Each structure stands twice: as structure tokens, then as C-alpha cells.
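work-v3.cif, holding mmCIF, C-alpha atoms:
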data_query
loop_
_atom_site.label_atom_id
_atom_site.label_comp_id
_atom_site.auth_asym_id
_atom_site.auth_seq_id
_atom_site.Cartn_x
_atom_site.Cartn_y
_atom_site.Cartn_z
CA MET A 557 -33.73 23.14 60.00
CA ASN A 558 -33.59 26.72 59.09
CA HIS A 559 -31.14 26.80 56.20
CA THR A 560 -31.17 30.54 55.45
CA PRO A 561 -27.83 32.10 54.46
CA ARG A 562 -27.83 35.39 52.56
CA ILE A 563 -27.82 35.49 48.78
CA ARG A 564 -25.06 37.39 46.91
CA THR A 565 -24.24 37.54 43.20
CA VAL A 566 -21.95 39.53 40.89
CA VAL A 567 -22.30 43.30 40.47
CA SER A 568 -21.50 45.20 37.29
CA CYS A 569 -19.87 48.63 37.24
CA THR A 570 -22.65 50.76 35.72
CA LEU A 571 -24.64 52.75 38.27
CA LEU A 572 -28.19 53.82 38.88
CA VAL A 573 -27.82 57.21 40.59
CA VAL A 574 -30.08 58.92 43.06
CA THR A 575 -28.78 62.47 43.76
CA LEU A 576 -29.68 64.07 47.01
CA ALA A 577 -29.14 67.77 47.65
CA ALA A 578 -28.98 68.48 51.32
CA GLY A 579 -29.75 72.18 51.30
CA ALA A 580 -33.12 72.05 53.04
CA THR A 581 -33.40 73.53 56.50
CA ALA A 582 -35.57 71.98 59.17
CA CYS A 583 -38.39 73.99 60.66
CA GLY A 584 -37.72 75.49 64.03
CA SER A 585 -38.69 73.59 67.11
CA PRO A 586 -39.96 74.89 70.45
CA ASP A 587 -36.69 74.17 72.19
CA GLY A 588 -34.52 75.06 69.21
CA HIS A 589 -32.80 71.65 69.04
CA PRO A 590 -32.68 70.42 65.42
CA LEU A 591 -33.04 66.72 66.36
CA SER A 592 -36.36 67.39 68.12
CA THR A 593 -38.02 68.37 64.82
CA LYS A 594 -40.01 66.19 62.47
CA PRO A 595 -37.79 65.08 59.53
CA TYR A 596 -38.13 67.46 56.64
CA ASP A 597 -39.28 66.21 53.25
CA ALA A 598 -36.16 65.97 51.14
CA GLY A 599 -38.19 65.40 47.97
CA ASP A 600 -37.14 68.67 46.33
CA GLN A 601 -33.50 67.80 46.94
CA VAL A 602 -33.67 64.22 45.58
CA SER A 603 -33.60 63.34 41.93
CA PHE A 604 -33.72 59.80 40.59
CA ASN A 605 -31.55 59.62 37.52
CA GLY A 606 -32.49 56.03 36.71
CA PRO A 607 -35.50 54.92 34.65
CA SER A 608 -38.83 56.73 34.70
CA LYS A 609 -41.86 55.18 36.36
CA LYS A 610 -42.87 53.56 33.08
CA GLU A 611 -39.44 52.01 32.53
CA LYS A 612 -37.59 49.30 34.40
CA ALA A 613 -34.12 49.43 35.89
CA ASP A 614 -31.42 47.04 34.69
CA PRO A 615 -30.74 44.65 37.61
CA ASP A 616 -27.09 44.46 36.56
CA LYS A 617 -26.61 48.13 37.44
CA PRO A 618 -25.90 48.84 41.12
CA LEU A 619 -27.82 51.48 43.03
CA GLU A 620 -25.97 54.53 44.30
CA VAL A 621 -27.20 57.38 46.48
CA THR A 622 -25.09 60.54 46.75
CA VAL A 623 -25.27 63.87 48.55
CA LYS A 624 -24.89 67.02 46.43
CA GLY A 625 -23.04 69.83 48.16
CA ASP A 626 -20.99 70.09 51.29
CA ASP A 627 -23.63 70.75 53.94
CA GLY A 628 -25.44 67.45 54.38
CA ARG A 629 -24.76 63.75 54.67
CA ILE A 630 -26.56 60.42 54.43
CA THR A 631 -27.24 58.72 57.73
CA ASP A 632 -29.02 55.59 56.52
CA VAL A 633 -30.34 53.88 53.38
CA SER A 634 -32.84 51.01 53.35
CA ALA A 635 -33.67 49.32 50.04
CA VAL A 636 -36.21 46.48 50.19
CA ASP A 637 -37.79 44.51 47.33
CA THR A 638 -41.37 43.29 47.13
CA GLY A 639 -40.31 39.93 48.55
CA GLY A 640 -39.00 41.59 51.72
CA ARG A 641 -35.33 41.09 50.85
CA HIS A 642 -32.97 43.90 51.87
CA LEU A 643 -30.38 45.11 49.41
CA ALA A 644 -26.94 45.18 51.03
CA GLY A 645 -24.86 48.34 50.64
CA GLU A 646 -22.00 50.43 52.02
CA LEU A 647 -22.01 54.02 53.25
CA SER A 648 -18.82 55.99 52.77
CA ALA A 649 -17.00 57.23 55.86
CA ASP A 650 -17.95 60.87 55.15
CA GLY A 651 -21.60 60.00 54.58
CA LYS A 652 -21.56 61.42 51.05
CA ARG A 653 -22.29 58.19 49.18
CA TRP A 654 -24.17 54.92 49.65
CA ARG A 655 -23.62 52.16 47.10
CA SER A 656 -25.20 48.69 46.86
CA THR A 657 -22.78 45.81 47.34
CA ALA A 658 -25.17 43.12 46.04
CA PRO A 659 -27.06 43.21 42.76
CA LEU A 660 -30.67 44.20 42.41
CA ALA A 661 -33.09 41.31 41.96
CA ALA A 662 -34.67 41.06 38.52
CA GLY A 663 -38.39 41.32 37.83
CA THR A 664 -39.33 42.93 41.12
CA GLY A 665 -39.97 46.31 42.73
CA TYR A 666 -37.91 48.25 45.26
CA THR A 667 -38.73 50.81 47.90
CA VAL A 668 -35.74 52.92 48.94
CA ARG A 669 -35.77 55.09 52.07
CA VAL A 670 -32.92 57.59 52.42
CA ALA A 671 -32.35 59.31 55.77
CA THR A 672 -30.19 62.46 55.81
CA GLU A 673 -29.19 65.38 57.97
CA ASN A 674 -28.24 68.90 56.94
CA GLY A 675 -25.36 71.03 58.19
CA ASP A 676 -27.35 71.99 61.31
CA GLY A 677 -28.02 68.36 62.15
CA ALA A 678 -31.72 68.46 61.23
CA PRO A 679 -33.01 65.12 59.87
CA GLY A 680 -34.50 64.67 56.43
CA VAL A 681 -36.07 61.72 54.65
CA ARG A 682 -36.84 60.74 51.07
CA THR A 683 -38.63 57.60 49.86
CA LEU A 684 -38.71 56.45 46.24
CA SER A 685 -39.84 53.37 44.36
CA PHE A 686 -38.85 51.70 41.10
CA GLY A 687 -39.03 48.34 39.34
CA THR A 688 -36.40 46.16 37.71
CA SER A 689 -36.65 44.47 34.32
CA SER A 690 -37.51 40.79 34.01
CA PRO A 691 -34.77 38.37 32.93
CA LYS A 692 -34.92 36.65 29.55
CA LYS A 693 -33.69 33.27 30.81
CA LEU A 694 -34.94 31.72 34.05
CA LEU A 695 -33.64 28.93 36.25
CA LYS A 696 -36.61 26.97 37.55
CA VAL A 697 -36.58 24.75 40.63
CA ALA A 698 -38.97 21.85 41.31
CA PHE A 699 -38.96 20.32 44.79
CA GLY A 700 -39.81 16.73 45.61
CA PRO A 701 -41.39 14.54 46.71
CA GLU A 702 -45.04 15.56 46.40
CA THR A 703 -46.76 17.04 49.44
CA GLY A 704 -47.72 14.31 51.89
CA THR A 705 -46.61 12.23 54.85
CA TYR A 706 -43.40 10.21 54.54
CA GLY A 707 -41.02 8.11 56.57
CA VAL A 708 -38.11 9.66 58.45
CA GLY A 709 -35.60 8.58 55.78
CA GLN A 710 -37.16 10.58 52.93
CA PRO A 711 -34.66 13.00 51.31
CA ILE A 712 -35.78 16.31 49.80
CA THR A 713 -34.95 16.72 46.11
CA ALA A 714 -34.49 19.86 43.99
CA GLU A 715 -34.53 19.56 40.18
CA LEU A 716 -33.11 22.49 38.19
CA SER A 717 -34.21 23.43 34.68
CA ALA A 718 -30.63 24.11 33.53
CA PRO A 719 -27.23 22.66 34.50
CA ILE A 720 -25.13 24.63 36.99
CA THR A 721 -21.43 23.77 36.91
CA ASP A 722 -19.67 26.83 38.32
CA LYS A 723 -18.97 26.51 42.05
CA ALA A 724 -19.90 30.13 42.81
CA ALA A 725 -23.17 29.79 40.90
CA ARG A 726 -23.92 26.56 42.76
CA ALA A 727 -23.34 28.38 46.04
CA THR A 728 -25.80 31.08 44.96
CA VAL A 729 -28.44 28.47 44.20
CA GLU A 730 -27.82 26.55 47.40
CA ARG A 731 -28.05 29.61 49.61
CA ALA A 732 -31.49 30.32 48.17
CA LEU A 733 -32.97 26.88 48.87
CA LYS A 734 -34.47 26.98 52.35
CA VAL A 735 -35.38 23.96 54.47
CA ARG A 736 -37.00 24.37 57.88
CA SER A 737 -38.16 21.52 60.08
CA THR A 738 -40.10 21.43 63.33
CA PRO A 739 -38.49 20.07 65.49
CA ALA A 740 -35.34 21.71 64.12
CA THR A 741 -32.58 19.58 62.60
CA THR A 742 -29.09 20.08 61.19
CA GLY A 743 -28.96 19.28 57.47
CA SER A 744 -27.32 20.11 54.15
CA TRP A 745 -27.79 19.96 50.37
CA TYR A 746 -25.71 17.63 48.18
CA TRP A 747 -25.14 18.20 44.45
CA VAL A 748 -25.92 14.81 42.93
CA ASP A 749 -25.23 16.18 39.46
CA ASP A 750 -25.37 19.50 37.60
CA LYS A 751 -29.18 19.67 37.75
CA LYS A 752 -30.16 17.72 40.87
CA LEU A 753 -29.67 18.31 44.60
CA HIS A 754 -30.69 16.18 47.57
CA TYR A 755 -31.19 17.45 51.13
CA ARG A 756 -31.05 15.32 54.26
CA PRO A 757 -30.43 15.94 57.95
CA LYS A 758 -27.36 14.71 59.77
CA GLU A 759 -29.54 12.01 61.30
CA TYR A 760 -32.97 10.79 60.19
CA TRP A 761 -35.81 13.30 60.37
CA PRO A 762 -37.60 13.39 63.72
CA ALA A 763 -40.80 11.36 63.89
CA ASN A 764 -44.01 13.35 63.36
CA ALA A 765 -42.09 16.40 62.14
CA THR A 766 -43.17 19.18 59.77
CA ILE A 767 -40.76 20.10 56.95
CA GLU A 768 -41.12 23.25 54.85
CA VAL A 769 -39.07 23.81 51.70
CA ARG A 770 -38.99 26.99 49.63
CA SER A 771 -36.80 28.88 47.19
CA ASN A 772 -35.64 32.45 47.66
CA LEU A 773 -34.04 32.42 44.21
CA ALA A 774 -36.64 34.50 42.34
CA GLY A 775 -34.94 37.39 40.54
CA ILE A 776 -31.48 36.47 41.81
CA LYS A 777 -28.62 36.37 39.29
CA VAL A 778 -27.11 32.88 39.07
CA THR A 779 -24.90 33.30 36.00
CA ASN A 780 -24.43 36.14 33.51
CA ALA A 781 -27.46 35.07 31.50
CA LEU A 782 -29.52 33.16 34.08
CA TYR A 783 -31.77 34.41 36.88
CA GLY A 784 -33.84 32.49 39.38
CA ALA A 785 -37.57 31.97 38.84
CA GLU A 786 -40.43 31.68 41.30
CA ALA A 787 -40.77 28.16 42.71
CA LYS A 788 -43.66 26.33 44.34
CA ALA A 789 -43.01 25.75 48.04
CA LEU A 790 -43.27 22.26 49.54
CA LYS A 791 -44.61 21.09 52.89
CA LEU A 792 -44.13 17.55 54.20
CA THR A 793 -44.78 15.71 57.41
CA THR A 794 -43.17 12.56 58.77
CA GLY A 795 -44.94 9.72 60.49
CA ASP A 796 -43.60 7.36 63.12
CA ARG A 797 -40.00 6.21 62.78
CA ILE A 798 -40.33 2.83 61.07
CA GLU A 799 -37.12 0.85 60.55
CA ALA A 800 -36.86 -2.61 59.03
CA ILE A 801 -33.50 -4.25 59.67
CA THR A 802 -32.85 -7.36 57.58
CA ASP A 803 -30.05 -9.63 58.75
CA ALA A 804 -29.21 -11.70 55.68
CA ALA A 805 -26.91 -13.99 57.67
CA ASP A 806 -29.61 -14.67 60.26
CA HIS A 807 -32.44 -14.82 57.66
CA SER A 808 -34.67 -12.51 59.70
CA MET A 809 -36.16 -9.03 59.56
CA THR A 810 -36.74 -6.97 62.70
CA VAL A 811 -39.25 -4.11 62.37
CA LEU A 812 -39.19 -1.24 64.86
CA ARG A 813 -41.58 1.63 65.46
CA ASN A 814 -40.04 4.58 67.28
CA GLY A 815 -37.26 2.34 68.58
CA GLU A 816 -39.48 -0.52 69.83
CA VAL A 817 -39.64 -3.92 68.13
CA ILE A 818 -43.10 -4.58 66.69
CA ASN A 819 -42.40 -7.68 64.61
CA THR A 820 -39.70 -10.21 63.77
CA ILE A 821 -40.18 -11.94 60.43
CA PRO A 822 -38.39 -14.96 58.93
CA VAL A 823 -37.09 -14.03 55.46
CA THR A 824 -34.95 -15.19 52.60
CA THR A 825 -32.59 -12.84 50.73
CA GLY A 826 -30.32 -13.09 47.68
CA LYS A 827 -28.44 -16.34 47.11
CA PRO A 828 -24.78 -16.43 46.00
CA GLY A 829 -24.40 -14.61 42.71
CA PHE A 830 -27.54 -12.56 43.43
CA SER A 831 -26.76 -11.34 46.95
CA THR A 832 -28.91 -8.52 48.31
CA ARG A 833 -27.21 -5.14 48.63
CA ASN A 834 -26.05 -4.16 52.11
CA GLY A 835 -26.85 -0.74 53.52
CA VAL A 836 -29.68 1.69 54.10
CA LYS A 837 -32.46 1.92 51.51
CA VAL A 838 -35.64 3.95 51.57
CA VAL A 839 -39.10 2.74 50.56
CA LEU A 840 -39.74 4.14 47.05
CA ALA A 841 -43.21 2.77 46.30
CA LYS A 842 -45.73 0.08 47.15
CA GLU A 843 -47.28 -2.17 44.47
CA GLN A 844 -49.92 -4.72 45.44
CA PHE A 845 -49.12 -6.80 42.35
CA VAL A 846 -45.99 -7.01 40.15
CA ARG A 847 -45.11 -9.55 37.47
CA MET A 848 -41.42 -10.40 37.87
CA ARG A 849 -39.38 -11.94 35.05
CA GLY A 850 -35.76 -13.06 35.07
CA GLU A 851 -35.09 -11.44 31.68
CA SER A 852 -35.50 -8.02 33.32
CA ILE A 853 -32.23 -8.54 35.22
CA GLY A 854 -30.35 -10.28 32.42
CA ILE A 855 -31.27 -13.92 33.11
CA ALA A 856 -31.76 -15.82 29.86
CA ALA A 857 -35.24 -17.25 29.30
CA GLY A 858 -35.27 -21.03 29.73
CA SER A 859 -32.06 -21.09 31.77
CA SER A 860 -31.83 -22.74 35.18
CA GLU A 861 -32.23 -19.34 36.89
CA SER A 862 -35.12 -18.14 34.71
CA TYR A 863 -38.41 -17.17 36.38
CA ASP A 864 -41.76 -15.56 35.53
CA LEU A 865 -43.85 -15.07 38.66
CA PRO A 866 -46.90 -13.12 39.86
CA VAL A 867 -45.79 -11.30 43.02
CA TYR A 868 -48.07 -9.72 45.62
CA TRP A 869 -47.58 -7.14 48.39
CA ALA A 870 -44.39 -5.75 46.82
CA THR A 871 -42.58 -2.86 48.55
CA ARG A 872 -39.93 -1.36 46.25
CA VAL A 873 -36.57 -0.22 47.69
CA THR A 874 -34.42 0.21 44.53
CA TRP A 875 -35.18 1.32 41.00
CA SER A 876 -33.33 -1.73 39.65
CA GLY A 877 -36.01 -3.97 41.06
CA GLU A 878 -35.22 -4.91 44.65
CA TYR A 879 -38.41 -5.41 46.68
CA VAL A 880 -39.66 -6.75 49.97
CA HIS A 881 -42.51 -9.03 48.86
CA ALA A 882 -44.57 -12.15 49.33
CA ALA A 883 -42.72 -15.31 48.22
CA PRO A 884 -44.96 -18.30 49.04
CA TRP A 885 -42.78 -20.55 46.84
CA SER A 886 -39.86 -20.18 49.29
CA THR A 887 -41.57 -20.49 52.68
CA GLY A 888 -39.51 -23.62 53.40
CA SER A 889 -36.31 -21.57 53.18
CA GLN A 890 -37.51 -18.44 54.96
CA GLY A 891 -35.68 -18.15 58.25
CA SER A 892 -33.03 -20.69 57.27
CA ALA A 893 -31.53 -20.03 53.80
CA ASN A 894 -31.07 -17.36 51.15
CA VAL A 895 -32.60 -18.50 47.85
CA SER A 896 -33.89 -15.34 46.10
CA HIS A 897 -32.47 -13.36 43.18
CA GLY A 898 -31.87 -10.32 45.39
CA CYS A 899 -35.25 -9.44 46.86
CA THR A 900 -36.31 -10.03 50.46
CA GLY A 901 -39.00 -12.71 50.43
CA MET A 902 -41.45 -13.63 53.20
CA SER A 903 -44.80 -15.33 53.64
CA THR A 904 -47.86 -13.76 52.06
CA GLY A 905 -49.31 -12.81 55.45
CA ASN A 906 -46.08 -11.19 56.63
CA ALA A 907 -45.64 -9.38 53.30
CA GLU A 908 -49.15 -7.94 53.51
CA TRP A 909 -48.50 -6.82 57.10
CA PHE A 910 -45.24 -5.17 56.04
CA PHE A 911 -46.93 -3.52 53.04
CA ASP A 912 -49.64 -2.07 55.33
CA THR A 913 -47.15 -0.95 57.99
CA VAL A 914 -44.60 1.00 55.96
CA ARG A 915 -44.90 4.12 53.81
CA GLU A 916 -42.66 5.86 51.29
CA GLY A 917 -39.56 7.19 53.02
CA ASP A 918 -39.40 4.49 55.67
CA ILE A 919 -36.03 2.84 56.27
CA VAL A 920 -35.07 -0.67 55.11
CA ARG A 921 -31.53 -1.60 56.17
CA VAL A 922 -29.75 -4.79 55.14
CA VAL A 923 -26.80 -6.18 57.12
CA GLY A 924 -24.86 -9.43 56.95
CA SER A 925 -25.19 -9.93 53.20
CA GLU A 926 -22.31 -10.89 50.92
CA GLY A 927 -23.63 -8.44 48.32
CA GLU A 928 -22.29 -5.03 47.32
CA ASP A 929 -23.10 -1.88 49.21
CA MET A 930 -26.10 0.22 48.21
CA ASP A 931 -25.14 3.11 45.90
CA PRO A 932 -25.75 6.56 47.42
CA PHE A 933 -27.47 7.77 44.21
CA GLY A 934 -28.85 6.44 40.96
CA ASN A 935 -30.70 3.35 42.23
CA GLY A 936 -33.08 4.82 44.75
CA PHE A 937 -32.38 6.83 47.88
CA GLY A 938 -29.10 5.52 49.24
CA ASP A 939 -28.26 8.93 50.67
CA TRP A 940 -27.89 7.63 54.22
CA ASN A 941 -24.97 5.40 53.23
CA LEU A 942 -22.71 8.46 53.09
CA SER A 943 -21.21 9.64 56.37
CA TRP A 944 -22.17 13.14 57.45
CA GLU A 945 -18.63 14.32 56.72
CA LYS A 946 -18.79 13.01 53.15
CA TRP A 947 -22.32 14.35 52.71
CA GLN A 948 -21.25 17.87 53.60
CA LYS A 949 -18.51 17.74 50.98
CA GLY A 950 -21.24 17.50 48.36
CA SER A 951 -22.36 21.02 49.25
CA ALA A 952 -21.05 24.03 47.32
CA LEU A 953 -21.02 25.91 50.64
CA HIS A 954 -18.67 23.44 52.32
CA GLU A 955 -14.93 23.85 52.04
CA GLY A 956 -13.51 21.02 49.98
CA ALA A 957 -16.70 20.47 47.95
CA PRO A 958 -16.02 18.55 44.74
CA ASP A 959 -15.62 20.47 41.47
CA SER A 960 -17.36 17.81 39.41
CA PRO A 961 -20.73 16.10 40.00
CA GLN A 962 -21.14 12.68 41.53
CA THR A 963 -20.77 9.95 38.90
CA LEU A 964 -23.95 7.89 38.78
CA GLN A 965 -24.21 4.25 37.86
CA ALA A 966 -26.99 3.30 35.48
CA ALA A 967 -29.71 1.28 37.18
CA ARG A 968 -31.87 -1.41 35.62
CA LEU A 969 -35.54 -0.55 36.03
CA ARG A 970 -37.21 -3.95 36.29
CA PRO A 971 -37.85 -6.18 39.33
CA HIS A 972 -36.21 -9.41 40.40
CA VAL A 973 -37.20 -11.91 43.06
#

Would you mind writing the file's structure down as C-alpha cells?
Amino acid sequence: MNHTPRIRTVVSCTLLVVTLAAGATACGSPDGHPLSTKPYDAGDQVSFNGPSKKEKADPDKPLEVTVKGDDGRITDVSAVDTGGRHLAGELSADGKRWRSTAPLAAGTGYTVRVATENGDGAPGVRTLSFGTSSPKKLLKVAFGPETGTYGVGQPITAELSAPITDKAARATVERALKVRSTPATTGSWYWVDDKKLHYRPKEYWPANATIEVRSNLAGIKVTNALYGAEAKALKLTTGDRIEAITDAADHSMTVLRNGEVINTIPVTTGKPGFSTRNGVKVVLAKEQFVRMRGESIGIAAGSSESYDLPVYWATRVTWSGEYVHAAPWSTGSQGSANVSHGCTGMSTGNAEWFFDTVREGDIVRVVGSEGEDMDPFGNGFGDWNLSWEKWQKGSALHEGAPDSPQTLQAARLRPHV
């Protein structure tokens, strides 16, 4: 999706002034009509009262262009920075003054073109350039995941180097974070906390899509002391749409590729007291071998529920240790009973097939379990468990967005079987 609203921040009252005297007269033209002449060079009538070429302008000071005298008027002003961003401004009704209505970006250069006309209607033009000073404190943005190919459930993440709590400042940041996908999708950012945002479409990403993420925040004022920094752009692609739907009540997993069933696998999920979480999860990582111990999820060593097992073909779906993995010790229960400590277990052959079939970002959805629902944040990518309406409310650009960040639940970081 092309998520590209304009960026605006606060303007101070001090002015950078460019004074334009409109006393020049256009050269005569063959037919005598002033508008048929080449625009005169208004350089002698323009003075830039801001910094010299060796100095830098204060980005907190708005730009103002004025006409000196009664004869001429401004017809147009274009101010563009080195990044191609246009500086918004207003021209007075009498054409005597143009003033910026958005702040200058910091640490960049500007080219300003002023078009005028004199009392006879002859056009003039003046172009000038200047730079703005660099900010002392920068807000950095790091996008994730790393460049590569992912499943259609993979959210985009943005990590900020400093906390942003003010709603207006959050809106400034959010407007600057651009996401474009081909094919196009509708999507939105969600403020997970003061320093982290997630982006997802309304529906899953299209299969075999290209996703480009960039920041237009460089030089933009976020708070009184904080300006945006340059950020490394991100480009991702998606593969086929792979969905694994585990029915805990039926003890089976159905795997689909682009909507067509490609495998049905007998499984076992969490037994009472350790029930697998319901809801949509996203593949976080794949580990060919993991050693799983009961102590990692609070089970006392030597108790009746204690375990210490070598586990192969393990596909992680939560940070707290929920996997889809090989469980040869429970093949007698797979397809008929739930006997695990929360993971989805299957035969070694089926687990290896699943491991080879899925990639990070693919969808693993559990239904029919007596367990709790998957958290939206804090234990993996549970983003898809929020309705689109609720997701939009996590955006600073959406009316009714929350004033405080989402409260996260701490997640245990070790696996269980």
C-alpha cells in the first residue's frame, strides 16, 4: 500500500526574510505585450536576509518572502529540499507576502524559486539556495524484519531510538513511515508501545508480493528537541500463501497452499492444564534441533510432568516456547488425543515435511482448543488476532486512538513440548 500522507510539525514565530523589490521593468517585446517577454532577472531586487552561504539557517525559523514597494507582487513561490519535499506556504491575498506554513527540515538544503510581476504585468524570477543546520538530537528508525522472502502473515516492525508519547508527535512519525506493496493493499501502523510500531494490511499480504518500506522522517521535527534521522529502507517479498490450521478438538492439522489443501496431518496438542493457545500465530523461526526441559515453563524437576527431551524439526510460533515439532514419543496419541505441554506434536516425517514447507511469516492458526487466546503482542506476532477496527485504533492517525501504549504481558523465552 502506498501510505504517504504529508508531514507537518510545529512552526516558531521567528522569520527568515527574503526581500524582493519589484522595481525592475521587463524588456520590450515585438508585440508590446508584457507577458510575451522572457522573465526578467529579479536578482538585483532580491536580498536574502537569512544566513550567509557559509552559515546554516535555523530550521525552527519559518521562511518569508516579501515584496518591497507598491508596484509588484509575488505570483508563486516554490521551496524544495534536497530530498524533493516541497515546503508548504501561504501567499497573502494582495500578493505582497509568502510565508511557510510548515517548518523547514533540518540538516538539508533548499532551493527557492520566486516568481513575480511588476506594475506593468511583466514577469520576473529569482532563485536562491541555502542550507539548514543539523539537529543535535536524532530519532532513528530501524525497520524489520531483515530483507528476504516471508510468509503472507509477516508484520512490518519499526523500532524507534527514543520513546514518543505525545499523540501529535506520534502522528508526525507515523505520517513519515511509508509502506508500499505490489499488488497494493490497505494497511495501517499500530503503536505497540512508545518505541515500537507494527504494520499489517487489513487482510494477509498477497502471495508473491513486493513490499517496500522507507522513512521520510529525515530532518523533520518530531518534538522540540528531537528531529528525524535518515533510515535504511527495507524491501521484502512474500512467497505462496501457506496456512496451517490446527483443530485441537479434531487432533488434526490441515495445510493449505494458496487456498488448496496440500496435506492433512494427525497431531496432538496441549492437554488439560497446558492447553495450546487459540488464534493466529506467525512462524518466528525454524530450529532443526532444540532441547526442551520442563523447568523452562515452571515444571519442577522430578515431578510427574517433568521432561527433558531432544526435539527435532521444531518450528517456533511463540517466544514463550510453543512449537510445531516432531514428537515420536506420542505417535500413539496423534490424531486421537491431546497429550503435550502446549506444543503441536506430530510424527518425525510429518514434522520434517512441515519444517521444509513453511517459512518465517507463514500462518499457523489453532482452533478448538480449551486454551487462552493468543496475545496480539509480546509473545510473537499475534497481530492478526485484532479485528481491523481495533487495529486502526492503535494508529495515531485514527480518531479514537489510545493515549497510552498497549500493555504487554511478559513472555517466557524457553520451549515446552

request  = Given the file shown, determine the residues that the PyMOL selection byres ((chain A and resi 725-732) around 6) selects; report them as a ChimeraX atom specification.
outcome  = /A:561,563,722-724,733,771-773,778,952-953

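In this comparison, which uses all atoms listed in the file, the residue of A:Lys752, A:Lys609, A:Arg669, A:Arg921 approaching A:Val811 most closely is A:Arg921.
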
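Of note, atom CA of A:Gly936 and atom CA of A:Ser831 are spaced 17.5 Å apart.
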
Centre and edge lengths, as lines of an AutoDock Vina configuration file, for the axis-aligned box enclosing every listed atom of stretch 772-777 of chain A with 3 Å of padding on each of the six sides, in Å to one decimal?
center_x = -32.6
center_y = 34.9
center_z = 43.5
size_x = 14.0
size_y = 11.0
size_z = 14.4

Around (-46.4, -16.3, 53.2), as given in the file, which residues come within 6 Å? Count only C-alpha atoms and list them as a PDB file with C-alpha atoms, keeping the file's coordinate frame.
ATOM      1  CA  ALA A 882     -44.570 -12.150  49.330  1.00  0.00           C
ATOM      2  CA  PRO A 884     -44.960 -18.300  49.040  1.00  0.00           C
ATOM      3  CA  MET A 902     -41.450 -13.630  53.200  1.00  0.00           C
ATOM      4  CA  SER A 903     -44.800 -15.330  53.640  1.00  0.00           C
ATOM      5  CA  THR A 904     -47.860 -13.760  52.060  1.00  0.00           C
ATOM      6  CA  GLY A 905     -49.310 -12.810  55.450  1.00  0.00           C
TER       7      GLY A 905
END

task = Rounded to one decimal place, report the atom CA of A:Pro932-atom CA of A:Ala785 distance in Å.
result =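 Atom-to-atom, atom CA of A:Pro932 and atom CA of A:Ala785 are spaced 29.3 Å apart.
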
key: Best match for closeness to A:Ala774 among A:Ser690, A:Ser943, A:Ser896, A:Gln948, counting all atoms listed in the file   = A:Ser690

inquiry  = List as a ChimeraX atom specification the protein and nucleic acid residues near A:Gly743, meaning an atom at most 6 Å away when only C-alpha atoms are counted, but skip any in the same chain fewer than 3 places from it.
reply    = /A:756-758

task = To verify the selection step, state as number ranges by chain which residues the PyMOL selection byres ((chain A and resi 701) around 12) yields on this input.
result = A: 698-700, 702-707, 710-715, 754-755, 767-769, 789-793, 840-841, 916-917, 937

Give me, as a Markdown table, each residue of stretch 728-812 of chain A that comes within 12 Å of stretch 610-619 of chain A, together with its shortest interatomic pair and the distance in Å at one decimal, counting all atoms listed in the file, with rows ordered by chain and rising residue number.
| residue | atom | partner | partner_atom | distance |
| --- | --- | --- | --- | --- |
| A:Gly775 | CA | A:Pro615 | CA | 8.9 |
| A:Ile776 | CA | A:Pro615 | CA | 9.2 |
| A:Lys777 | CA | A:Asp616 | CA | 8.7 |
| A:Val778 | CA | A:Asp616 | CA | 11.8 |
| A:Thr779 | CA | A:Asp616 | CA | 11.4 |
| A:Asn780 | CA | A:Asp616 | CA | 9.3 |
| A:Ala781 | CA | A:Asp616 | CA | 10.7 |
| A:Leu782 | CA | A:Asp616 | CA | 11.8 |
| A:Tyr783 | CA | A:Pro615 | CA | 10.3 |

query = So how far away is atom CA of A:Leu716 from atom CA of A:Ser656, in Å?
reply = 28.7 Å

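Using only C-alpha atoms, the smallest distance between any of A:Val670, A:Val697, A:Leu753, A:Val623 and A:Pro595 comes from A:Val670.
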
request  = Using only C-alpha atoms, pick whichever of A:Glu926, A:Glu799, A:Glu759, A:Asp918 has the shortest atom-to-atom distance to A:Phe830.
outcome  =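 When distances to A:Phe830 are compared using only C-alpha atoms, the smallest one comes from A:Glu926.
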
Top pick for closest residue to A:Val668, considering A:Asp929, A:Glu620, A:Asp803, A:Glu843 and counting only C-alpha atoms =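 Checking each of A:Asp929, A:Glu620, A:Asp803, A:Glu843 against A:Val668, counting only C-alpha atoms, the winner is A:Glu620.
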
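Residues selected in this file by the PyMOL selection byres ((chain A and resi 798) around 7) comprise A:Gly707, A:Asp796, A:Arg797, A:Glu799, A:Ala800, A:Leu812, A:Arg813, A:Asn814, A:Val914, A:Asp918, A:Ile919.
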